[in-house]
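To start, the structure under review is shown below, and the notes come after it.
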Number of protein chains: 2
Amino acid sequence: MDVARASGYSVSSVSIVLNDAPLADNLSAKTRRKIRTVAEKLGYRPHVFARSLRTQRSNTIGVIVFDMSDPFCTLILRGIDKQLQPTGFLPVVMDAHNNRERFERYLEMALERRVEGLVVVANWLFVSIAALKQQAKDRLPTVVVGRDLHRSGVRSVLVDNERGGYLALRHLYELGHRKVNFLLGPKQLSDSGRRWAGMKRFAVQSGIEIAASRVLQLPGLSDPLTGFSSGAELTGRWLRDGTRFTAIAAFDDMTAFGAIRGLNNHGLRVPEDCSVIGFDDVPMAELATPSLTTIRQPMESMGRYAAEVVSAQISNGSVRRGGEPLKLLAPELVVRQSTAGL
Amino acid sequence: MDVARASGYSVSSVSIVLNDAPLADNLSAKTRRKIRTVAEKLGYRPHVFARSLRTQRSNTIGVIVFDMSDPFCTLILRGIDKQLQPTGFLPVVMDAHNNRERFERYLEMALERRVEGLVVVANWLFVSIAALKQQAKDRLPTVVVGRDLHRSGVRSVLVDNERGGYLALRHLYELGHRKVNFLLGPKQLSDSGRRWAGMKRFAVQSGIEIAASRVLQLPGLSDPLTGFSSGAELTGRWLRDGTRFTAIAAFDDMTAFGAIRGLNNHGLRVPEDCSVIGFDDVPMAELATPSLTTIRQPMESMGRYAAEVVSAQISNGSVRRGGEPLKLLAPELVVRQSTAGL
DNA sequence: TTGTATGCGTTATCAC
DNA sequence: GTGATAACGCATACAA
């Protein structure tokens with residue numbers, strides 16, 4: 001270490017001072033000052049790899065996200081980032097591009113890079129549960145956000161989808177809508193099931209009946225954009241069939257935008273001719289015209305929570321403690337222009 | 001190294017085989033096979049930090065982006081990612097949150113982490129040129145995407161804004177529009193100046209005159225969302241003033257969405273009552289209803305190019321060679337629903 | 001064809 | 001109060 005040579009002290013003293021380790025109290029104030037200035041002058045930067053090698057700590061947390069270009073997840077990333085900032089952990093984010101194989105490769109790479117924890121942002125695509133379980137066994141603190149995997153032993157944080165579905169239908173009901181059509185998400189997605197359950201709960205409670213003809217389901221989940229095109233197409237089908245409805249409750253915002261497109265293709269306007277409500281509150285929801293009424297997922301909070309749990313588990317050395325197995329955050333109704341009273 | 005013990009060979013042989021170094025040819029095929037299987041069986045993972053320490057190479061490239069939640073940049077990130085994939089470099093992305101101070105901190109962190117190259121994605125916010133120049137001097141291969149900094153000695157890649165502006169106005173002209181209003185970007189942004197120059201070039205060439213009253217400029221650039229709200233507001237001003245116009249050419253997509261909102265607030269419809277064209281082609285442009293006609297920036301290509309140049313410079317050890325100082329990529333007109341003939 | 005020794009830049013444990 | 005020294009896990013020059 002050249003700081004040692006330049007200052008005339010030994011490497012040990014330098015190391016002790018620069019990390020202000022407990023032993024630093026034993027060194028004279030003059031020595032400390034001297035070493036500090038020399039280090040400063042030389043523009044000394046501790047070599048992270050050497051340090052990591054020695055301390056066996058990487059100070060990094062792997063973040064694997066399923067599709068970075070999905071607006072859903074950039075806000076989650078921001079939350080993670082903010083939360084990790086003061087802890088000194090560097091998030092290393094990897095984008096699986098909705099590709100399972102890639103996901104597994106990145107998981108491997110994260111392990112190779114000796115990440116101390118893992119956050120998986122699982123929007124849309126299926127997650128390799130087996131691979132994740134492996135990690136859990138390896139005692140790597142892991143939290144998945146956006147998907148409920150707590151039964152597989154992975155701590156999970158996501159929005160309370162059931163509650164969200166309930167809020168969505170209640171909003172339409174309160175505006176006077178009784179003929180509501182439903183665009184459900186792909187059946188492989190548990191999100192969809194929960195939201196639908198919430199809607200049915202409200203329906204029962206308020207005494208409205210939902211005819212089977214009012215319910216359509218999106219096909220498989222090859223691609224997040226499926227929601228848009230399928231939403232448009234299924235909406236078009238209703239219109240051609242002559243089904244009468246005054247509102248559409250969509251699985252998510254993309255689907256809602258698809259529905260709006262479908263309505264527009266048939267010359268119908270939102271919200272004058274039909275109200276539309278989405279789910280997620282992606283950034284675009286606010287910017288579209290008409291802006292989209294939707295159920296907001298607290299994405300940043302989800303990210304923060306995940307990061308918090310992971311870093312807590314790291315610092316107290318326990319994968320078991322810290323955070324509940326399943327954390328549900330409250331959704332929030334955001335009323336905008338796409339829904340109106342009758 | 002335990003693989004050595006388990007296989008009965010020496011660490012050197014193991015190391016040589018596992019990296020298939022040139023010397024590997026000297027080893028018997030049987031030895032190689034043996035070592036490989038043992039390593040496999042033990043689930044051996046080379047320790048990246050130890051390796052980096054020894055080879056003095058981190059195999060990482062720092063990517064500092066100004067605002068990850070800006071849809072503009074996630075596609076650039078994807079391009080970088082794809083390009084870097086086969087090279088073995090790991091992109092370490094850091095989000096400056098539109099905050100200059102944060103940017104500088106991350107730059108420092110990137111250096112500490114011994115990144116071998118740097119890509120700066122500079123959408124919107126002002127870039128600390130001074131800090132970047134410092135890096136250039138430090139011989140760290142650096143490319144900035146989205147901002148022209150080549151005069152400061154930093155290789156830059158961005159879209160040909162002048163050409164894009166030209167294409168935009170030509171499109172409106174060809175649809176028959178003669179009364180076109182212009183929403184220029186903040187004057188601090190050179191992007192805005194170039195796009196405007198392209199429009200003026202077409203105006204001169206086609207003989208149309210642009211009255212000063214048809215031109216408004218967005219205020220400062222505190223926040224990317226400024227474009228939306230200001231676009232709406234300025235459009236409203238025109239409408240209240242009673243200015244007649246049949247089309248709006250907006251600085252970028254956000255501004256265009258703002259304009260659409262402004263028109264809508266006054267009961268005007270797009271494209272029936274007024275055409276609107278944007279610039280960028282953010283993902284939302286396709287999903288909005290009406291979908292937005294715009295000038296596409298080849299974001300993924302920009303990312304790829306930047307990553308390619310940086311990794312090339314790293315591998316041939318020269319910061320000077322590889323890539324032009326300023327690379328302009330061609331924009332592309334994407335015609336959608338928001339523009340129509342008169 | 002294979003093994004040994006050394007050092008990369010740290011931190012930690014001692015001894016002085 | 002301070003300094004010498006041994007690891008951390010790997011790659012490599014050189015010896016065998």
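Letters for chains follow the order of the structure tokens (A, B, ...), residue numbers begin at 1 for each chain, and ligand numbers begin at 1 in the order shown.
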
Would you tabulate, counting only C-alpha atoms (C1' of nucleotides), all residues of chain C that have an atom at most 8 Å from an atom of chain B, showing the closest pair of atoms and their distance in Å to one decimal, sorted by chain then ascending number, as a Markdown table?
| residue | atom | partner | partner_atom | distance |
| --- | --- | --- | --- | --- |
| C:DT1 | C1' | B:Leu27 | CA | 6.0 |
| C:DT2 | C1' | B:Ser13 | CA | 7.0 |
| C:DG3 | C1' | B:Ser10 | CA | 6.2 |
| C:DC8 | C1' | B:Arg54 | CA | 4.6 |
| C:DG9 | C1' | B:Leu53 | CA | 7.7 |

Counting only C-alpha atoms (C1' of nucleotides), what are the residues of chain D within 12 Å of chain A, and for each of them which pair of atoms is the nearest and at what distance in Å, to one decimal? Sort the table by chain and rising number, as a Markdown table.
| residue | atom | partner | partner_atom | distance |
| --- | --- | --- | --- | --- |
| D:DG1 | C1' | A:Leu27 | CA | 5.5 |
| D:DT2 | C1' | A:Ser13 | CA | 7.1 |
| D:DG3 | C1' | A:Ser10 | CA | 6.0 |
| D:DA4 | C1' | A:Ser10 | CA | 8.9 |
| D:DT5 | C1' | A:Ser12 | CA | 10.3 |
| D:DA6 | C1' | A:Arg54 | CA | 11.7 |
| D:DA7 | C1' | A:Arg54 | CA | 8.1 |
| D:DC8 | C1' | A:Arg54 | CA | 4.6 |
| D:DG9 | C1' | A:Leu53 | CA | 7.6 |
| D:DC10 | C1' | A:Leu53 | CA | 10.5 |

Resulting file, chosen residues, C-alpha atoms (C1' of nucleotides), as an mmCIF file, in the first residue's frame:
data_model
loop_
_atom_site.group_PDB
_atom_site.id
_atom_site.type_symbol
_atom_site.label_atom_id
_atom_site.label_comp_id
_atom_site.auth_asym_id
_atom_site.auth_seq_id
_atom_site.Cartn_x
_atom_site.Cartn_y
_atom_site.Cartn_z
ATOM 1 C "C1'" DG D 1 1.262 3.378 19.959
ATOM 2 C "C1'" DT D 2 3.078 0.946 16.145
ATOM 3 C "C1'" DG D 3 4.788 -2.626 12.866
ATOM 4 C "C1'" DA D 4 5.480 -7.265 10.951
ATOM 5 C "C1'" DT D 5 3.028 -11.003 9.073
ATOM 6 C "C1'" DA D 6 -0.418 -14.290 7.651
ATOM 7 C "C1'" DA D 7 -4.249 -15.207 5.231
ATOM 8 C "C1'" DC D 8 -8.386 -14.365 1.551
ATOM 9 C "C1'" DG D 9 -8.604 -17.324 -3.672
ATOM 10 C "C1'" DC D 10 -6.766 -16.949 -7.714
#

Quick one: which chain A residues come within 10 Å of chain B, and what is the nearest atom pair for each with the distance in Å to one decimal, counting only C-alpha atoms, rows ordered by chain and ascending number, as CSV?
residue,atom,partner,partner_atom,distance
A:Tyr44,CA,B:Glu112,CA,9.7
A:Arg45,CA,B:Glu112,CA,6.2
A:Pro46,CA,B:Glu112,CA,7.1
A:His47,CA,B:Glu112,CA,6.9
A:Val48,CA,B:Arg113,CA,6.1
A:Phe49,CA,B:Phe49,CA,5.0
A:Ala50,CA,B:Leu53,CA,6.1
A:Arg51,CA,B:Phe49,CA,9.0
A:Ser52,CA,B:Phe49,CA,6.9
A:Leu53,CA,B:Phe49,CA,6.0
A:Arg54,CA,B:Ala50,CA,9.3
A:Gln56,CA,B:Phe49,CA,9.6
A:Ser58,CA,B:Phe49,CA,8.6
A:Asp67,CA,B:Arg78,CA,9.5
A:Met68,CA,B:Thr74,CA,6.5
A:Ser69,CA,B:Thr74,CA,5.4
A:Asp70,CA,B:Thr74,CA,8.7
A:Pro71,CA,B:Ser69,CA,7.3
A:Phe72,CA,B:Ser69,CA,9.6
A:Cys73,CA,B:Ser69,CA,8.8
A:Thr74,CA,B:Ser69,CA,5.4
A:Leu75,CA,B:Ser69,CA,6.5
A:Ile76,CA,B:Ser69,CA,9.7
A:Leu77,CA,B:Met68,CA,8.5
A:Arg78,CA,B:Met68,CA,7.8
A:Asp81,CA,B:Asp95,CA,8.0
A:Lys82,CA,B:His97,CA,9.8
A:Leu90,CA,B:Met94,CA,9.0
A:Pro91,CA,B:Met94,CA,8.4
A:Val92,CA,B:Val92,CA,6.1
A:Val93,CA,B:Val93,CA,6.9
A:Met94,CA,B:Pro91,CA,8.4
A:Asp95,CA,B:Asp81,CA,8.0
A:His97,CA,B:Arg78,CA,8.5
A:Glu108,CA,B:Arg45,CA,9.5
A:Met109,CA,B:Leu90,CA,9.4
A:Leu111,CA,B:Arg45,CA,8.5
A:Glu112,CA,B:Arg45,CA,6.2
A:Arg113,CA,B:Val48,CA,6.1
A:Arg114,CA,B:His47,CA,8.0
A:Leu225,CA,B:Leu287,CA,9.3
A:Phe228,CA,B:Leu287,CA,7.4
A:Ser229,CA,B:Leu287,CA,9.3
A:Met254,CA,B:Leu287,CA,8.0
A:Phe257,CA,B:Leu287,CA,6.6
A:Gly258,CA,B:Leu287,CA,7.5
A:Ile260,CA,B:Thr289,CA,7.1
A:Arg261,CA,B:Thr289,CA,5.8
A:Gly262,CA,B:Thr289,CA,9.5
A:Leu263,CA,B:Thr289,CA,9.9
A:Asn264,CA,B:Thr289,CA,7.6
A:Asn265,CA,B:Thr289,CA,9.6
A:Pro283,CA,B:Ser69,CA,8.7
A:Met284,CA,B:Met284,CA,6.7
A:Ala285,CA,B:Ala288,CA,9.6
A:Leu287,CA,B:Phe257,CA,6.6
A:Ala288,CA,B:Ala288,CA,6.3
A:Thr289,CA,B:Arg261,CA,5.8
A:Pro290,CA,B:Arg261,CA,7.7
A:Ser291,CA,B:Arg261,CA,9.0

Could you save those same residues with C-alpha atoms as a CSV table (one decimal), in the first residue's frame?
chain,number,residue,atom,x,y,z
A,44,TYR,CA,-6.3,6.8,-2.4
A,45,ARG,CA,-9.3,4.6,-3.2
A,46,PRO,CA,-9.5,1.4,-1.2
A,47,HIS,CA,-9.6,-1.6,-3.5
A,48,VAL,CA,-13.0,-3.1,-3.1
A,49,PHE,CA,-12.0,-6.5,-4.4
A,50,ALA,CA,-9.1,-6.9,-2.1
A,51,ARG,CA,-11.3,-5.9,0.8
A,52,SER,CA,-14.1,-8.2,-0.2
A,53,LEU,CA,-11.6,-11.0,-0.6
A,54,ARG,CA,-10.3,-10.5,2.8
A,56,GLN,CA,-15.6,-12.2,2.7
A,58,SER,CA,-19.2,-8.2,-1.3
A,67,ASP,CA,-38.4,-6.9,-17.6
A,68,MET,CA,-36.8,-3.6,-17.1
A,69,SER,CA,-38.8,-2.0,-19.8
A,70,ASP,CA,-42.0,-2.8,-18.0
A,71,PRO,CA,-42.9,0.5,-16.3
A,72,PHE,CA,-44.3,-1.5,-13.4
A,73,CYS,CA,-40.8,-2.4,-12.2
A,74,THR,CA,-38.7,0.7,-12.6
A,75,LEU,CA,-40.5,2.3,-9.7
A,76,ILE,CA,-39.8,-0.8,-7.6
A,77,LEU,CA,-36.2,-0.5,-8.5
A,78,ARG,CA,-36.2,3.1,-7.4
A,81,ASP,CA,-32.3,1.9,-4.6
A,82,LYS,CA,-33.5,4.5,-2.1
A,90,LEU,CA,-24.8,-1.7,-4.0
A,91,PRO,CA,-27.7,-3.2,-5.9
A,92,VAL,CA,-26.6,-5.1,-8.9
A,93,VAL,CA,-29.5,-5.3,-11.2
A,94,MET,CA,-30.0,-7.8,-13.9
A,95,ASP,CA,-32.7,-7.8,-16.5
A,97,HIS,CA,-35.9,-10.0,-20.5
A,108,GLU,CA,-25.9,-18.1,-11.3
A,109,MET,CA,-24.0,-15.0,-12.1
A,111,LEU,CA,-24.1,-16.2,-6.9
A,112,GLU,CA,-20.7,-16.0,-8.6
A,113,ARG,CA,-20.5,-12.4,-7.8
A,114,ARG,CA,-21.1,-13.3,-4.2
A,225,LEU,CA,-48.0,-6.4,-24.3
A,228,PHE,CA,-53.0,-4.4,-24.6
A,229,SER,CA,-53.8,-6.3,-27.8
A,254,MET,CA,-52.2,-2.3,-20.1
A,257,PHE,CA,-55.5,0.8,-22.4
A,258,GLY,CA,-56.3,-2.0,-24.8
A,260,ILE,CA,-60.0,1.9,-24.5
A,261,ARG,CA,-58.5,1.3,-27.9
A,262,GLY,CA,-61.1,-1.4,-28.6
A,263,LEU,CA,-63.9,1.0,-27.7
A,264,ASN,CA,-62.4,3.7,-29.8
A,265,ASN,CA,-62.2,1.4,-32.8
A,283,PRO,CA,-46.8,6.2,-15.0
A,284,MET,CA,-48.6,6.4,-18.3
A,285,ALA,CA,-52.0,6.2,-16.5
A,287,LEU,CA,-50.4,11.0,-18.9
A,288,ALA,CA,-52.9,9.4,-21.2
A,289,THR,CA,-56.0,11.3,-22.3
A,290,PRO,CA,-58.3,10.6,-20.8
A,291,SER,CA,-56.2,9.8,-17.8

Distance of atom CA of Gly227 of chain B from atom CA of Arg155 of chain B, expressed in Å to one decimal place: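 Pair atom CA of Arg155 of chain B / atom CA of Gly227 of chain B returns 27.7 Å.
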
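On the backbone of this structure, DSSP gives alpha helix (DSSP H) within segment 197-241 of chain A to Ala197, Gly198, Met199, Lys200, Arg201, Phe202, Ala203, Val204, Gln205, Ser206, Thr226, Gly227, Phe228, Ser229, Ser230, Gly231, Ala232, Glu233, Leu234, Thr235, Gly236, Arg237, Trp238, Leu239, Arg240 and Asp241 of chain A.
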
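Using only C-alpha atoms (C1' of nucleotides), the protein and nucleic acid residues lying no more than 6 Å from Thr235 of chain B, apart from those fewer than 3 places from it along its own chain, are Ala232, Trp238, Ala259 and Gly262 of chain B.
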
Keeping N, CA and C atoms, export the residues of the selection given above as a short mmCIF file (atom, residue, chain, number, x, y, z; two decimals), in the first residue's frame.
data_model
loop_
_atom_site.label_atom_id
_atom_site.label_comp_id
_atom_site.auth_asym_id
_atom_site.auth_seq_id
_atom_site.Cartn_x
_atom_site.Cartn_y
_atom_site.Cartn_z
N ALA B 232 -49.46 20.98 -21.96
CA ALA B 232 -50.90 21.19 -21.82
C ALA B 232 -51.21 22.67 -21.63
N TRP B 238 -52.65 29.01 -26.39
CA TRP B 238 -52.96 29.25 -27.80
C TRP B 238 -54.46 29.26 -28.04
N ALA B 259 -49.89 18.29 -24.97
CA ALA B 259 -50.66 19.05 -25.96
C ALA B 259 -52.03 18.41 -26.17
N GLY B 262 -54.17 19.26 -23.42
CA GLY B 262 -54.59 20.65 -23.52
C GLY B 262 -55.74 20.81 -24.52
#
